[in-house]
file coords-v5.cif (mmCIF, C-alpha atoms)
data_upload
loop_
_atom_site.label_atom_id
_atom_site.label_comp_id
_atom_site.auth_asym_id
_atom_site.auth_seq_id
_atom_site.Cartn_x
_atom_site.Cartn_y
_atom_site.Cartn_z
CA MET A 17 28.04 -12.90 -19.25
CA ARG A 18 27.57 -15.13 -22.27
CA GLU A 19 26.81 -13.13 -25.41
CA LEU A 20 24.22 -14.60 -27.78
CA PHE A 21 24.44 -12.05 -30.61
CA ARG A 22 24.85 -8.35 -31.32
CA LEU A 23 22.48 -5.73 -32.68
CA GLY A 24 24.73 -2.96 -33.91
CA HIS A 25 26.67 -1.78 -30.86
CA PHE A 26 24.38 -3.60 -28.43
CA SER A 27 25.06 -7.10 -27.12
CA ILE A 28 22.25 -9.53 -26.28
CA TYR A 29 23.22 -11.81 -23.40
CA LEU A 30 21.80 -15.21 -22.49
CA PHE A 31 21.20 -14.20 -18.88
CA GLY A 32 19.25 -11.15 -20.00
CA VAL A 33 17.10 -13.29 -22.29
CA THR A 34 16.28 -15.86 -19.58
CA ILE A 35 15.50 -13.08 -17.10
CA ALA A 36 13.13 -11.53 -19.66
CA ILE A 37 11.45 -14.90 -20.30
CA GLY A 38 11.14 -15.48 -16.56
CA ALA A 39 9.58 -12.04 -16.16
CA ILE A 40 7.04 -12.77 -18.90
CA PHE A 41 6.05 -16.07 -17.29
CA GLY A 42 5.88 -14.40 -13.90
CA ILE A 43 3.72 -11.52 -15.14
CA PHE A 44 1.32 -13.96 -16.80
CA ILE A 45 0.89 -15.94 -13.59
CA ALA A 46 0.67 -12.81 -11.42
CA LEU A 47 -2.12 -11.39 -13.58
CA LYS A 48 -3.94 -14.71 -13.67
CA GLU A 49 -3.80 -15.07 -9.89
CA SER A 50 -4.72 -11.43 -9.31
CA LYS A 51 -7.80 -11.76 -11.51
CA ARG A 52 -8.91 -14.90 -9.68
CA LYS A 53 -8.50 -13.14 -6.34
CA GLY A 54 -10.75 -10.32 -7.55
CA LEU A 55 -8.05 -7.66 -7.87
CA ASP A 56 -8.29 -4.85 -10.43
CA GLU A 57 -6.31 -6.02 -13.48
CA ASN A 58 -5.51 -2.51 -14.73
CA LYS A 59 -4.16 -1.42 -11.36
CA ILE A 60 -2.12 -4.59 -11.05
CA THR A 61 -0.64 -4.11 -14.53
CA ASP A 62 0.51 -0.59 -13.64
CA PHE A 63 1.91 -1.86 -10.35
CA ILE A 64 3.92 -4.62 -12.05
CA PHE A 65 5.51 -2.13 -14.45
CA TYR A 66 6.80 0.06 -11.63
CA LEU A 67 7.74 -2.94 -9.51
CA LEU A 68 10.00 -4.37 -12.22
CA ILE A 69 11.88 -1.08 -12.55
CA VAL A 70 12.34 -0.69 -8.80
CA SER A 71 13.45 -4.31 -8.40
CA ILE A 72 16.14 -4.00 -11.08
CA ILE A 73 17.50 -0.83 -9.46
CA GLY A 74 17.34 -2.45 -6.02
CA ALA A 75 19.12 -5.57 -7.23
CA ARG A 76 22.00 -3.48 -8.56
CA LEU A 77 22.27 -1.15 -5.55
CA TYR A 78 22.22 -3.99 -3.01
CA TYR A 79 24.95 -5.83 -4.88
CA ILE A 80 27.10 -2.70 -4.92
CA LEU A 81 26.54 -1.91 -1.23
CA ALA A 82 26.73 -5.43 0.19
CA PHE A 83 29.11 -7.31 -2.07
CA ASN A 84 31.65 -4.97 -3.67
CA LEU A 85 31.38 -1.42 -2.30
CA ARG A 86 35.13 -0.70 -2.31
CA TYR A 87 35.46 -1.53 -5.99
CA TYR A 88 32.57 0.72 -7.01
CA LEU A 89 33.80 3.59 -4.84
CA LYS A 90 37.06 3.43 -6.78
CA ASN A 91 35.26 2.88 -10.10
CA PRO A 92 31.97 4.83 -9.85
CA PHE A 93 31.23 4.71 -13.58
CA GLU A 94 31.12 0.90 -13.36
CA ILE A 95 27.93 1.25 -11.30
CA PHE A 96 26.02 1.65 -14.56
CA SER A 97 27.77 -1.26 -16.31
CA ILE A 98 25.11 -3.87 -15.60
CA SER A 99 26.21 -5.97 -18.58
CA SER A 100 29.41 -6.82 -16.71
CA GLY A 101 27.38 -8.52 -13.99
CA GLY A 102 26.51 -7.68 -10.42
CA MET A 103 22.83 -8.08 -9.48
CA SER A 104 21.42 -9.38 -6.20
CA ILE A 105 18.10 -11.20 -6.18
CA GLN A 106 17.85 -10.46 -2.47
CA GLY A 107 18.25 -6.77 -3.21
CA ALA A 108 15.47 -7.00 -5.78
CA LEU A 109 13.23 -8.68 -3.23
CA ILE A 110 13.90 -6.20 -0.42
CA SER A 111 13.46 -3.13 -2.63
CA GLY A 112 10.36 -4.68 -4.21
CA ILE A 113 8.73 -5.27 -0.81
CA LEU A 114 9.48 -1.75 0.44
CA PHE A 115 8.15 -0.21 -2.76
CA SER A 116 5.07 -2.44 -2.71
CA LEU A 117 4.21 -1.44 0.86
CA TRP A 118 4.36 2.24 -0.12
CA TYR A 119 2.58 1.83 -3.47
CA THR A 120 -0.30 -0.33 -2.23
CA LYS A 121 -0.95 2.02 0.67
CA ARG A 122 -0.93 5.02 -1.66
CA LYS A 123 -3.28 3.33 -4.16
CA LYS A 124 -5.44 1.75 -1.42
CA LEU A 125 -4.73 -1.79 -2.56
CA SER A 126 -4.37 -4.89 -0.38
CA PHE A 127 -0.64 -5.56 -0.06
CA LEU A 128 -1.19 -9.01 1.45
CA LYS A 129 -3.63 -10.21 -1.22
CA ILE A 130 -1.33 -8.98 -3.98
CA ALA A 131 1.68 -10.55 -2.28
CA ASP A 132 -0.10 -13.92 -2.17
CA ALA A 133 -1.02 -13.62 -5.85
CA PHE A 134 2.54 -12.70 -6.81
CA SER A 135 4.38 -15.34 -4.74
CA PRO A 136 4.20 -18.24 -7.23
CA ALA A 137 4.97 -15.81 -10.05
CA ILE A 138 8.15 -14.59 -8.37
CA ALA A 139 9.32 -18.15 -7.72
CA ILE A 140 8.84 -19.32 -11.33
CA GLY A 141 10.42 -16.13 -12.67
CA GLN A 142 13.49 -16.69 -10.52
CA ALA A 143 13.75 -20.33 -11.62
CA ILE A 144 13.62 -19.50 -15.33
CA GLY A 145 16.01 -16.59 -14.92
CA ARG A 146 18.65 -18.89 -13.40
CA MET A 147 18.84 -20.94 -16.59
CA GLY A 148 21.07 -18.34 -18.23
CA CYS A 149 23.09 -17.32 -15.18
CA ASP A 150 26.84 -17.81 -15.50
CA VAL A 151 27.79 -17.35 -11.85
CA TYR A 152 29.09 -20.85 -11.23
CA GLY A 153 29.69 -22.54 -7.91
CA VAL A 154 32.92 -23.45 -6.17
CA PRO A 155 35.15 -26.36 -7.32
CA MET A 156 33.85 -29.81 -6.41
CA LYS A 157 35.91 -31.58 -3.74
CA ARG A 158 34.66 -34.87 -5.16
CA ILE A 159 33.86 -35.01 -8.86
CA TYR A 160 30.23 -35.77 -9.65
CA PHE A 161 28.77 -36.30 -13.13
CA TRP A 162 26.63 -33.15 -12.92
CA GLY A 163 29.62 -30.88 -12.39
CA VAL A 164 30.58 -28.37 -15.12
CA ASN A 165 34.04 -27.85 -16.56
CA VAL A 166 35.00 -24.17 -16.43
CA ASN A 167 38.62 -23.23 -17.18
CA SER A 168 39.74 -26.82 -16.51
CA GLN A 169 37.99 -26.93 -13.13
CA ILE A 170 34.94 -29.01 -12.27
CA LEU A 171 32.53 -26.65 -10.55
CA HIS A 172 29.20 -27.03 -8.80
CA PRO A 173 26.35 -25.93 -11.12
CA ALA A 174 25.01 -23.58 -8.44
CA GLN A 175 22.61 -22.01 -10.95
CA MET A 176 20.88 -25.34 -11.50
CA TYR A 177 20.72 -26.06 -7.79
CA GLU A 178 18.86 -22.80 -7.34
CA MET A 179 16.64 -23.36 -10.37
CA ILE A 180 15.49 -26.76 -9.09
CA LEU A 181 14.90 -25.46 -5.56
CA ASP A 182 12.91 -22.50 -6.92
CA LEU A 183 10.78 -24.83 -9.05
CA ILE A 184 10.05 -26.95 -5.98
CA LEU A 185 9.09 -23.78 -4.13
CA PHE A 186 6.85 -22.73 -7.01
CA GLY A 187 5.11 -26.12 -6.98
CA TYR A 188 4.52 -25.83 -3.24
CA LEU A 189 3.14 -22.28 -3.48
CA TRP A 190 0.97 -23.22 -6.46
CA THR A 191 -0.55 -26.07 -4.48
CA ARG A 192 -1.03 -23.99 -1.33
CA ARG A 193 -2.80 -21.02 -2.96
CA GLY A 194 -6.22 -22.64 -2.46
CA LYS A 195 -5.57 -23.60 1.17
CA LEU A 196 -4.67 -20.26 2.72
CA LYS A 197 -5.97 -19.46 6.20
CA TYR A 198 -5.11 -15.76 6.11
CA ASN A 199 -4.02 -13.14 3.60
CA GLY A 200 -0.27 -13.04 3.27
CA GLN A 201 0.29 -16.69 4.20
CA ASN A 202 1.57 -17.75 0.78
CA PHE A 203 3.91 -14.75 0.66
CA ILE A 204 5.28 -15.62 4.09
CA HIS A 205 5.91 -19.17 2.92
CA TYR A 206 7.60 -17.80 -0.19
CA LEU A 207 9.92 -15.52 1.79
CA ILE A 208 10.97 -18.31 4.13
CA GLY A 209 11.28 -20.87 1.31
CA PHE A 210 13.26 -18.52 -0.91
CA SER A 211 15.61 -17.61 1.94
CA ILE A 212 16.21 -21.27 2.77
CA ASN A 213 16.89 -22.02 -0.91
CA ARG A 214 19.32 -19.12 -1.17
CA ALA A 215 21.10 -20.16 2.02
CA ILE A 216 21.53 -23.73 0.75
CA VAL A 217 22.89 -22.65 -2.63
CA GLU A 218 25.22 -20.15 -0.97
CA PHE A 219 27.27 -23.03 0.48
CA PHE A 220 28.22 -23.90 -3.11
CA ARG A 221 29.08 -20.34 -4.19
CA SER A 222 31.95 -17.97 -3.51
CA ASN A 223 30.84 -14.71 -1.86
CA PRO A 224 32.29 -12.43 0.84
CA ILE A 225 32.46 -14.28 4.17
CA VAL A 226 31.00 -12.67 7.30
CA ILE A 227 31.65 -15.47 9.81
CA TYR A 228 32.92 -18.72 8.32
CA PRO A 229 31.22 -20.45 6.60
CA PHE A 230 28.43 -17.89 6.36
CA THR A 231 28.40 -15.21 3.67
CA ILE A 232 26.62 -11.88 3.27
CA ALA A 233 23.85 -13.69 1.39
CA HIS A 234 23.47 -16.09 4.34
CA VAL A 235 23.13 -13.19 6.77
CA THR A 236 20.55 -11.56 4.50
CA SER A 237 18.59 -14.82 4.27
CA PHE A 238 18.62 -15.29 8.05
CA ALA A 239 17.48 -11.69 8.56
CA ILE A 240 14.61 -12.13 6.09
CA ILE A 241 13.49 -15.34 7.83
CA PHE A 242 13.62 -13.74 11.28
CA ILE A 243 11.69 -10.63 10.23
CA THR A 244 9.16 -12.73 8.30
CA VAL A 245 8.45 -15.01 11.26
CA VAL A 246 8.00 -12.04 13.61
CA VAL A 247 5.70 -10.23 11.18
CA SER A 248 3.71 -13.39 10.43
CA LEU A 249 2.72 -13.72 14.10
CA LYS A 250 0.96 -10.38 13.82
CA ILE A 251 -0.48 -10.86 10.33
CA LYS A 252 -2.17 -14.19 11.04
CA ASN A 253 -4.17 -12.59 13.87
CA ILE A 254 -5.45 -9.61 11.87
CA SER A 255 -5.80 -10.87 8.30
CA ASN A 256 -8.46 -13.49 7.65
CA ILE A 257 -9.28 -14.94 4.24
CA ASP A 258 -12.66 -13.87 2.89
CA GLU A 259 -14.80 -17.02 2.70
CA GLN A 260 -16.25 -15.74 -0.57
CA GLU A 261 -12.87 -15.23 -2.17
CA PRO A 262 -12.83 -17.17 -5.47
CA SER A 263 -9.14 -18.01 -5.12
CA GLN A 264 -10.02 -20.61 -2.49
CA ALA A 265 -11.74 -22.85 -5.08
CA VAL A 266 -8.42 -23.82 -6.61
CA LYS A 267 -6.70 -27.13 -7.13
CA ALA A 268 -3.50 -27.77 -9.06
CA SER A 269 -3.88 -30.21 -11.96
CA MET A 270 -1.57 -33.02 -12.99
CA LEU A 271 -0.81 -31.13 -16.21
CA GLU A 272 0.52 -28.20 -14.19
CA TYR A 273 2.89 -30.49 -12.31
CA VAL A 274 4.05 -31.97 -15.61
CA MET A 275 4.73 -28.45 -16.88
CA ILE A 276 6.93 -27.76 -13.84
CA ILE A 277 8.95 -30.90 -14.60
CA LEU A 278 9.24 -29.86 -18.25
CA VAL A 279 10.58 -26.45 -17.23
CA ALA A 280 13.23 -28.21 -15.15
CA ILE A 281 14.17 -30.52 -18.04
CA VAL A 282 14.38 -27.63 -20.51
CA GLY A 283 16.46 -25.61 -18.06
CA LEU A 284 18.92 -28.45 -17.50
CA TRP A 285 19.14 -29.11 -21.26
CA ILE A 286 19.89 -25.46 -22.02
CA TYR A 287 22.44 -25.23 -19.22
CA TYR A 288 24.40 -28.37 -20.07
CA SER A 289 24.17 -27.76 -23.83
CA ILE A 290 25.96 -24.47 -23.30
CA ASN A 291 28.36 -25.73 -20.64
CA ARG A 292 29.57 -28.93 -22.23
#

call {"tool": "encode", "arguments": {"input": "coords-v5.cif", "output": "structure tokens"}}
result
Amino acid sequence: MRELFRLGHFSIYLFGVTIAIGAIFGIFIALKESKRKGLDENKITDFIFYLLIVSIIGARLYYILAFNLRYYLKNPFEIFSISSGGMSIQGALISGILFSLWYTKRKKLSFLKIADAFSPAIAIGQAIGRMGCDVYGVPMKRIYFWGVNVNSQILHPAQMYEMILDLILFGYLWTRRGKLKYNGQNFIHYLIGFSINRAIVEFFRSNPIVIYPFTIAHVTSFAIIFITVVVSLKIKNISNIDEQEPSQAVKASMLEYVMIILVAIVGLWIYYSINR
């Protein structure tokens, strides 16, 4: 990972900084949406704290188990070397969902309402986090102007592909939040949209192949989509939106769309400034 500076014996990496910024943006939006949906802000704040910890652990464990288990079995102490890379956003998502189901049941909170409130926040957090990622794509077969030169090879900027797709997903979810027909609908759309985005980007990355040309990340995406569709058929019949819910009186403004475009421009500027 690209080091920005050092504080004594500790290195501060660009990817870590963008992930932290993405988390801050995401938390702000999650709290804002939760408040508008009438959820207890103090309970949501506690939940977010635990959720972040679980998601980080899940992201690391899933990467180890699904992408490089042999290496870590031979080098067990490397499991804790997060600074050397090796995190799976899909692992973070899966562990986050499992933890959320347990936590919300234990605290008697509405998982589906919280999931809807968090969906746009997760998407924007992922988009911002990708700005500092240095996991590049595969070499371009035809050279396009947006390719990046890494070790004398022109590679696909897979990070930027994912950032742009995640921003589009965020814009869609942000627009849809006032048009939901049942609790959990926005989260279902997020899961399917995120999985499609990840599957598209995966064609431009190099990961372990399961059945050519599909990778482990493809299989995970397809599994998430299948499970989500099956579960959604049940949810839509048992979870109706409260007509009095204040979150339904929502409409995205032009300024908010401009802000999404600005985030994309800033992300591209940061990326290509560093990868010139």

call {"tool": "closest_residue", "arguments": {"input": "coords-v5.cif", "among": "A:Phe26, A:Tyr87, A:Phe31, A:Tyr228", "to": "A:Gly145", "atoms": "all atoms listed in the file"}}
result
A:Phe31

call {"tool": "resolve_selection", "arguments": {"input": "coords-v5.cif", "expression": "the PyMOL selection byres ((chain A and resi 207-210) around 9)", "output": "PyMOL selection string"}}
result
chain A and resi 135+139+181-182+185+202-206+211-215+237+240-242+244-245

call {"tool": "resolve_selection", "arguments": {"input": "coords-v5.cif", "expression": "the PyMOL selection byres ((chain A and resi 128) around 8)", "output": "list in words"}}
result
Ser126, Phe127, Lys129, Ile130, Ala131, Asp132, Asn199, Gly200 and Phe203 of chain A

call {"tool": "resolve_selection", "arguments": {"input": "coords-v5.cif", "expression": "the PyMOL selection byres ((chain A and resi 105-109) around 12)", "output": "MDAnalysis selection string"}}
result
chainID A and resid 35 67:83 102:104 110:116 131 134:135 138:139 141:143 145:146 149 178 203 206:207 210:211 213:215 232:240

call {"tool": "write_last_selection", "arguments": {"input": "coords-v5.cif", "atoms": "C-alpha atoms", "output": "tab-separated table (two decimals), keeping the file's coordinate frame"}}
result
chain	number	residue	atom	x	y	z
A	35	ILE	CA	15.50	-13.08	-17.10
A	67	LEU	CA	7.74	-2.94	-9.51
A	68	LEU	CA	10.00	-4.37	-12.22
A	69	ILE	CA	11.88	-1.08	-12.55
A	70	VAL	CA	12.34	-0.69	-8.80
A	71	SER	CA	13.45	-4.31	-8.40
A	72	ILE	CA	16.14	-4.00	-11.08
A	73	ILE	CA	17.50	-0.83	-9.46
A	74	GLY	CA	17.34	-2.45	-6.02
A	75	ALA	CA	19.12	-5.57	-7.23
A	76	ARG	CA	22.00	-3.48	-8.56
A	77	LEU	CA	22.27	-1.15	-5.55
A	78	TYR	CA	22.22	-3.99	-3.01
A	79	TYR	CA	24.95	-5.83	-4.88
A	80	ILE	CA	27.10	-2.70	-4.92
A	81	LEU	CA	26.54	-1.91	-1.23
A	82	ALA	CA	26.73	-5.43	0.19
A	83	PHE	CA	29.11	-7.31	-2.07
A	102	GLY	CA	26.51	-7.68	-10.42
A	103	MET	CA	22.83	-8.08	-9.48
A	104	SER	CA	21.42	-9.38	-6.20
A	110	ILE	CA	13.90	-6.20	-0.42
A	111	SER	CA	13.46	-3.13	-2.63
A	112	GLY	CA	10.36	-4.68	-4.21
A	113	ILE	CA	8.73	-5.27	-0.81
A	114	LEU	CA	9.48	-1.75	0.44
A	115	PHE	CA	8.15	-0.21	-2.76
A	116	SER	CA	5.07	-2.44	-2.71
A	131	ALA	CA	1.68	-10.55	-2.28
A	134	PHE	CA	2.54	-12.70	-6.81
A	135	SER	CA	4.38	-15.34	-4.74
A	138	ILE	CA	8.15	-14.59	-8.37
A	139	ALA	CA	9.32	-18.15	-7.72
A	141	GLY	CA	10.42	-16.13	-12.67
A	142	GLN	CA	13.49	-16.69	-10.52
A	143	ALA	CA	13.75	-20.33	-11.62
A	145	GLY	CA	16.01	-16.59	-14.92
A	146	ARG	CA	18.65	-18.89	-13.40
A	149	CYS	CA	23.09	-17.32	-15.18
A	178	GLU	CA	18.86	-22.80	-7.34
A	203	PHE	CA	3.91	-14.75	0.66
A	206	TYR	CA	7.60	-17.80	-0.19
A	207	LEU	CA	9.92	-15.52	1.79
A	210	PHE	CA	13.26	-18.52	-0.91
A	211	SER	CA	15.61	-17.61	1.94
A	213	ASN	CA	16.89	-22.02	-0.91
A	214	ARG	CA	19.32	-19.12	-1.17
A	215	ALA	CA	21.10	-20.16	2.02
A	232	ILE	CA	26.62	-11.88	3.27
A	233	ALA	CA	23.85	-13.69	1.39
A	234	HIS	CA	23.47	-16.09	4.34
A	235	VAL	CA	23.13	-13.19	6.77
A	236	THR	CA	20.55	-11.56	4.50
A	237	SER	CA	18.59	-14.82	4.27
A	238	PHE	CA	18.62	-15.29	8.05
A	239	ALA	CA	17.48	-11.69	8.56
A	240	ILE	CA	14.61	-12.13	6.09

call {"tool": "residues_around", "arguments": {"input": "coords-v5.cif", "residues": "A:Tyr152", "least_positions_apart": "2", "cutoff": "6 Å", "atoms": "only C-alpha atoms", "output": "list in words"}}
result
Asp150, Pro173 and Ala174 of chain A

call {"tool": "residues_near_point", "arguments": {"input": "coords-v5.cif", "point": "(27.3, -25.3, -10.4)", "cutoff": "7 Å", "atoms": "only C-alpha atoms", "output": "list of chain:residue names"}}
result
A:Tyr152, A:Gly153, A:Gly163, A:Val164, A:Leu171, A:His172, A:Pro173, A:Ala174, A:Gln175, A:Met176
